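Everything below belongs to upload_26.cif, which stores mmCIF, C-alpha atoms.
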```
data_data
#
loop_
_atom_site.label_atom_id
_atom_site.label_comp_id
_atom_site.auth_asym_id
_atom_site.auth_seq_id
_atom_site.Cartn_x
_atom_site.Cartn_y
_atom_site.Cartn_z
CA MET A 1 -19.12 -5.49 -14.14
CA ALA A 2 -17.95 -6.64 -10.70
CA LYS A 3 -14.58 -4.97 -11.30
CA ILE A 4 -16.26 -1.66 -12.10
CA LYS A 5 -18.35 -1.84 -8.92
CA SER A 6 -15.33 -2.73 -6.80
CA VAL A 7 -13.24 0.08 -8.26
CA SER A 8 -16.11 2.57 -7.83
CA VAL A 9 -16.58 1.67 -4.16
CA LEU A 10 -12.84 1.85 -3.50
CA ILE A 11 -12.56 5.27 -5.17
CA LEU A 12 -15.45 6.61 -3.10
CA VAL A 13 -13.86 5.31 0.10
CA LEU A 14 -10.53 6.83 -0.82
CA MET A 15 -12.03 10.21 -1.70
CA TYR A 16 -13.80 10.59 1.64
CA PRO A 17 -11.35 11.89 4.27
CA PHE A 18 -11.67 10.03 7.55
CA ASN A 19 -10.19 12.86 9.62
CA SER A 20 -9.22 16.23 8.22
CA LEU A 21 -6.47 16.68 10.85
CA SER A 22 -4.56 13.53 9.93
CA LYS A 23 -1.66 13.23 7.51
CA GLN A 24 -2.85 12.18 4.05
CA GLN A 25 -0.82 11.12 1.03
CA VAL A 26 -1.55 9.94 -2.48
CA ALA A 27 0.99 7.91 -4.42
CA VAL A 28 1.75 6.41 -7.79
CA PHE A 29 3.69 3.15 -7.63
CA LEU A 30 5.22 0.52 -9.89
CA GLY A 31 5.67 -2.97 -8.60
CA SER A 32 4.89 -6.60 -8.45
CA PRO A 33 2.17 -7.99 -8.52
CA MET A 34 0.42 -4.70 -9.35
CA SER A 35 1.13 -1.07 -10.24
CA GLY A 36 -1.28 1.77 -9.66
CA PHE A 37 -2.41 4.35 -7.12
CA GLN A 38 -2.27 4.47 -3.37
CA TYR A 39 -3.95 6.52 -0.65
CA GLN A 40 -2.46 6.68 2.83
CA GLN A 41 -3.93 8.29 5.92
CA ASP A 42 -1.59 8.26 8.91
CA ASP A 43 -0.62 4.58 9.13
CA LEU A 44 -3.47 3.05 7.08
CA ARG A 45 -2.88 2.50 3.38
CA PHE A 46 -5.17 1.49 0.49
CA SER A 47 -3.74 0.47 -2.89
CA LEU A 48 -5.49 0.08 -6.23
CA GLY A 49 -3.66 -1.82 -8.96
CA LEU A 50 -4.42 -0.75 -12.51
CA LYS A 51 -1.87 -2.60 -14.65
CA ASP A 52 -3.06 -5.90 -13.19
CA PHE A 53 -6.27 -5.27 -11.25
CA GLY A 54 -5.86 -5.59 -7.52
CA ILE A 55 -6.65 -3.97 -4.20
CA ALA A 56 -4.66 -4.00 -0.97
CA PHE A 57 -5.06 -2.71 2.56
CA ASP A 58 -2.06 -2.30 4.87
CA GLN A 59 -1.15 -1.00 8.30
CA THR A 60 2.28 0.63 8.46
CA PHE A 61 4.50 0.90 11.53
CA SER A 62 7.51 3.17 12.04
CA VAL A 63 10.64 1.17 12.85
CA ALA A 64 12.02 4.18 14.79
CA ALA A 65 8.94 4.21 17.04
CA LEU A 66 8.88 0.43 17.49
CA LEU A 67 12.55 0.20 18.47
CA GLU A 68 12.78 3.68 20.04
CA LYS A 69 15.72 4.57 17.77
CA PRO A 70 15.19 7.92 15.96
CA LYS A 71 18.02 7.20 13.49
CA LEU A 72 15.79 4.54 11.88
CA ALA A 73 13.08 7.10 10.96
CA PRO A 74 13.22 6.39 7.18
CA LEU A 75 12.32 2.71 7.73
CA TYR A 76 8.84 1.27 8.20
CA VAL A 77 7.26 -2.16 8.21
CA TYR A 78 3.81 -3.07 6.93
CA LEU A 79 1.27 -5.84 7.36
CA GLY A 80 -1.90 -6.29 5.34
CA ALA A 81 -3.88 -8.20 2.76
CA GLN A 82 -4.37 -8.01 -0.99
CA LEU A 83 -6.61 -9.35 -3.70
CA VAL A 84 -5.01 -9.58 -7.15
CA ASP A 85 -6.76 -10.75 -10.30
CA HIS A 86 -4.46 -12.71 -12.61
CA HIS A 87 -7.30 -14.47 -14.47
CA LYS A 88 -8.33 -15.89 -11.10
CA ASN A 89 -8.68 -14.24 -7.73
CA ASN A 90 -5.58 -14.49 -5.57
CA VAL A 91 -5.86 -13.48 -1.92
CA ALA A 92 -2.66 -12.90 0.02
CA VAL A 93 -1.48 -11.90 3.44
CA ARG A 94 1.45 -9.57 2.93
CA SER A 95 4.17 -7.99 5.01
CA GLY A 96 7.48 -6.32 4.43
CA ILE A 97 9.87 -3.48 5.07
CA GLY A 98 10.06 -0.13 3.34
CA PHE A 99 12.35 2.87 3.06
CA GLN A 100 11.12 6.40 2.44
CA GLN A 101 12.96 9.65 1.76
CA PRO A 102 10.89 12.85 2.11
CA PHE A 103 11.59 16.02 0.10
CA GLN A 104 9.20 18.76 1.35
CA LYS A 105 5.76 17.55 0.13
CA ILE A 106 7.06 14.67 -2.00
CA THR A 107 8.33 11.35 -0.65
CA LEU A 108 10.18 8.68 -2.63
CA TYR A 109 9.75 5.16 -1.30
CA GLY A 110 10.54 1.54 -1.97
CA GLU A 111 9.45 -1.64 -0.24
CA LEU A 112 10.09 -5.35 -0.31
CA GLY A 113 8.37 -8.25 1.37
CA PRO A 114 6.82 -11.70 1.08
CA SER A 115 3.17 -12.35 0.28
CA LEU A 116 1.51 -15.59 1.33
CA TYR A 117 -1.21 -16.52 -1.18
CA VAL A 118 -3.86 -18.66 0.49
CA VAL A 119 -6.72 -19.28 -1.99
CA GLU A 120 -6.67 -22.29 -4.33
CA ASP A 121 -2.90 -22.81 -4.05
CA VAL A 122 -0.67 -21.91 -1.12
CA ASP A 123 2.33 -19.99 -2.40
CA ILE A 124 4.85 -17.44 -1.08
CA LYS A 125 6.14 -14.74 -3.44
CA LEU A 126 8.67 -11.99 -2.85
CA GLU A 127 7.14 -8.71 -4.06
CA ALA A 128 8.49 -5.19 -4.36
CA SER A 129 7.35 -1.70 -5.33
CA LEU A 130 8.75 1.79 -5.91
CA GLY A 131 6.71 4.95 -5.78
CA ILE A 132 6.26 8.66 -5.22
CA LYS A 133 3.96 10.00 -2.48
CA ILE A 134 2.52 13.51 -2.38
CA ASP A 135 1.38 15.04 0.93
CA PHE A 136 -1.79 17.09 1.16
#
```
Please express the file's structure as structure tokens.
Amino acid sequence: MAKIKSVSVLILVLMYPFNSLSKQQVAVFLGSPMSGFQYQQDDLRFSLGLKDFGIAFDQTFSVAALLEKPKLAPLYVYLGAQLVDHHKNNVAVRSGIGFQQPFQKITLYGELGPSLYVVEDVDIKLEASLGIKIDF
């Protein structure tokens, strides 16, 4: 029942646009530790894992803007947190680097980074995902 409530609240949050003038994207992704759907508005990203239930919230940063090098525009870094349910709740601080290639309104992306799990056991895992984003 708690999962249903959590998913319902997350879906409602994701459906409500924070600012109609900002760039918004929805995505489908496959990865580790979860695969599912993603909603991104400008540089804030929310992920909902369906294969293995989980939620994540990330802030993304353009590498080109950080280093003032326009040639690095396809690269971005991210920092955030996630909660993944593998028969027990696992909370992690996550970060990583990603690559994205836009094609008109569709963007292909992949990312890789470590997650530091901090509840019950302290553990670091290397996690990755691939996905397709659609602009709207």
Pick from A:Tyr109, A:Tyr117, A:Phe57, A:Tyr39, whichever lies nearest to Ser129 (chain A) using all atoms listed in the file: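 Looking at the shortest contact to Ser129 (chain A), the residue is A:Tyr109.
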Expand the PyMOL selection byres ((chain A and resi 104) around 12) into the individual residues it matches in the shown file, reporting them as an mmCIF file with C-alpha atoms, in the coordinates of the input.
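Wrote it out as part.cif, contents follow:
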```cif
data_model
loop_
_atom_site.group_PDB
_atom_site.id
_atom_site.type_symbol
_atom_site.label_atom_id
_atom_site.label_comp_id
_atom_site.auth_asym_id
_atom_site.auth_seq_id
_atom_site.Cartn_x
_atom_site.Cartn_y
_atom_site.Cartn_z
ATOM 1 C CA GLN A 101 12.960 9.650 1.760
ATOM 2 C CA PRO A 102 10.890 12.850 2.110
ATOM 3 C CA PHE A 103 11.590 16.020 0.100
ATOM 4 C CA LYS A 105 5.760 17.550 0.130
ATOM 5 C CA ILE A 106 7.060 14.670 -2.000
ATOM 6 C CA THR A 107 8.330 11.350 -0.650
ATOM 7 C CA LEU A 108 10.180 8.680 -2.630
ATOM 8 C CA LYS A 133 3.960 10.000 -2.480
ATOM 9 C CA ILE A 134 2.520 13.510 -2.380
ATOM 10 C CA ASP A 135 1.380 15.040 0.930
ATOM 11 C CA PHE A 136 -1.790 17.090 1.160
#
```
A:Leu48, A:Phe29, A:Gly113, A:Ala56 ranked by distance to Val77 (chain A), top pick (using only C-alpha atoms):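 Between A:Leu48, A:Phe29, A:Gly113, A:Ala56, the residue approaching Val77 (chain A) most closely is A:Gly113.
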Env of Leu112 (chain A): 8 Å cut, atoms = all atoms listed in the file, seq-sep filter 3 positions within chain, self excluded. Answer as JSON, numbers by chain. {"A": [96, 97, 98, 126, 127, 128, 129]}
Hey, what's within 10 Å of region 31-38 of chain A if we count all atoms listed in the file and toss same-chain stuff fewer than 5 positions away? As a PyMOL selection string, please? chain A and resi 14+25-26+45-57+82+84-86+110-112+115+125-133
Could you check how far CA of Leu67 (chain A) sits from CA of Gly80 (chain A), in Å to one decimal? 20.6 Å
Surrounding residues of Val122 (chain A) excluding itself and chain neighbours under 6 positions, 10 Å, all atoms listed in the file, as a PyMOL selection string: chain A and resi 90-92+116
Can you measure CA of Leu83 (chain A) to CA of Lys23 (chain A) for me? One decimal in Å is fine. 25.7 Å
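With all atoms listed in the file as the atoms that count, the minimum distance from Phe99 (chain A) to the choices A:Ala65, A:Asp123, A:Thr60, A:Leu75 is reached by A:Leu75.
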For the file shown, what are the residues hit by the PyMOL selection byres ((chain A and resi 63) around 9), laid out as number ranges by chain? A: 61-62, 64-70, 72-77
Can you tell me how far CA of Asp43 (chain A) sits from CA of Ser95 (chain A), in Å to one decimal?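 Rounded to one decimal, the two atoms are 14.1 Å apart.
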Build an axis-aligned box that encloses every atom of region 65-77 of chain A listed in the file, pad it by 4 Å on each side, and report its centre and edge lengths in Å to one decimal, as lines of an AutoDock Vina configuration file.
```
center_x = 12.6
center_y = 2.9
center_z = 13.6
size_x = 18.8
size_y = 18.1
size_z = 20.9
```
Closest of A:Lys88, A:Gln24, A:Arg94, A:Leu44 to Asp121 (chain A) - atom-to-atom distances counting only C-alpha atoms: A:Lys88
